[in-house]
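Here the structure is laid out as structure tokens; the discussion comes afterwards.
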Amino acid sequence: MDKEKLSFFKNRLDEEKITLENLVKRMKNPQGIGFSKEYSTELSSYDNHPADLGTDMFMMEQDKGLINKLEDTIYEIEISKENLANGNYGLCNSCGEKIDEERLKLIPYLKLCIECSNEKISLGERE
């Protein structure tokens, strides 16, 4: 990759990381967009129906799962930035071929080319 493309992808990775970090920060903030903080400050569960408590617990766990996924993506971005610095950016982790630049423009932290991605077996297809 030439320097101009490397610079472009570095900027894309930085933008993506900032966006995700801001989203995680807002979700962890009690006044943010997350559900869990809003309902975990109830003084008593006496006035709530048991089903409401179950819904609250489900929503808190869902928020935690989403935050974990976002933090995993931030980690993948960091790895991609390291690969960019050492010259391995844009190479498939499975076969070593170049990942299509159009795919990298959409998701700059991709680790698999389209062929290897299509070959990967999803959890739902396993026996």
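Residues are referred to by chain and number: the chain letter is A, B, ... according to the order shown in the structure tokens, the number counts from 1 in that chain, and ligands are numbered separately from 1 in the order shown.
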Requested in this report: Determine which residues of segment 42-127 of chain A DSSP labels as alpha helix (DSSP H) from the backbone of this structure, then write them out as a VMD selection string.
Outcome: chain A and resid 50 to 86 101 to 106 114 to 119
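Note that atom CA of Tyr109 of chain A and atom CA of Glu15 of chain A are 11.7 Å apart.
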Report task. Would you please work out which residue, of A:Leu6, A:Cys116, A:Cys95, A:Ile74, is nearest to Ile18 of chain A when using only C-alpha atoms? Result -> A:Ile74
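Of note, atom CA of Lys5 of chain A and atom CA of Glu101 of chain A are spaced 9.3 Å apart.
With distances restricted to only C-alpha atoms, A:Pro108 is the closest residue to Leu13 of chain A from A:Pro108, A:Leu84, A:Met59, A:Met1.
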Requested in this report: Find, counting only C-alpha atoms, the residue in A:Lys111, A:Glu76, A:Thr55, A:Leu70 that gets nearest to Lys98 of chain A.
Outcome: A:Lys111
Report task. With a distance cut-off of 12 Å and only C-alpha atoms, select the neighbouring residues of Ser117 of chain A, excluding the residue or stretch itself and same-chain residues fewer than 2 positions from it, and output the selection as a list in words. Result -> Cys92, Asn93, Ser94, Cys95, Ile99, Arg103, Leu110, Lys111, Leu112, Cys113, Ile114, Glu115, Glu119, Lys120, Ile121 and Ser122 of chain A
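Between atom CA of Ile67 of chain A and atom CA of Lys25 of chain A the separation is 9.3 Å.
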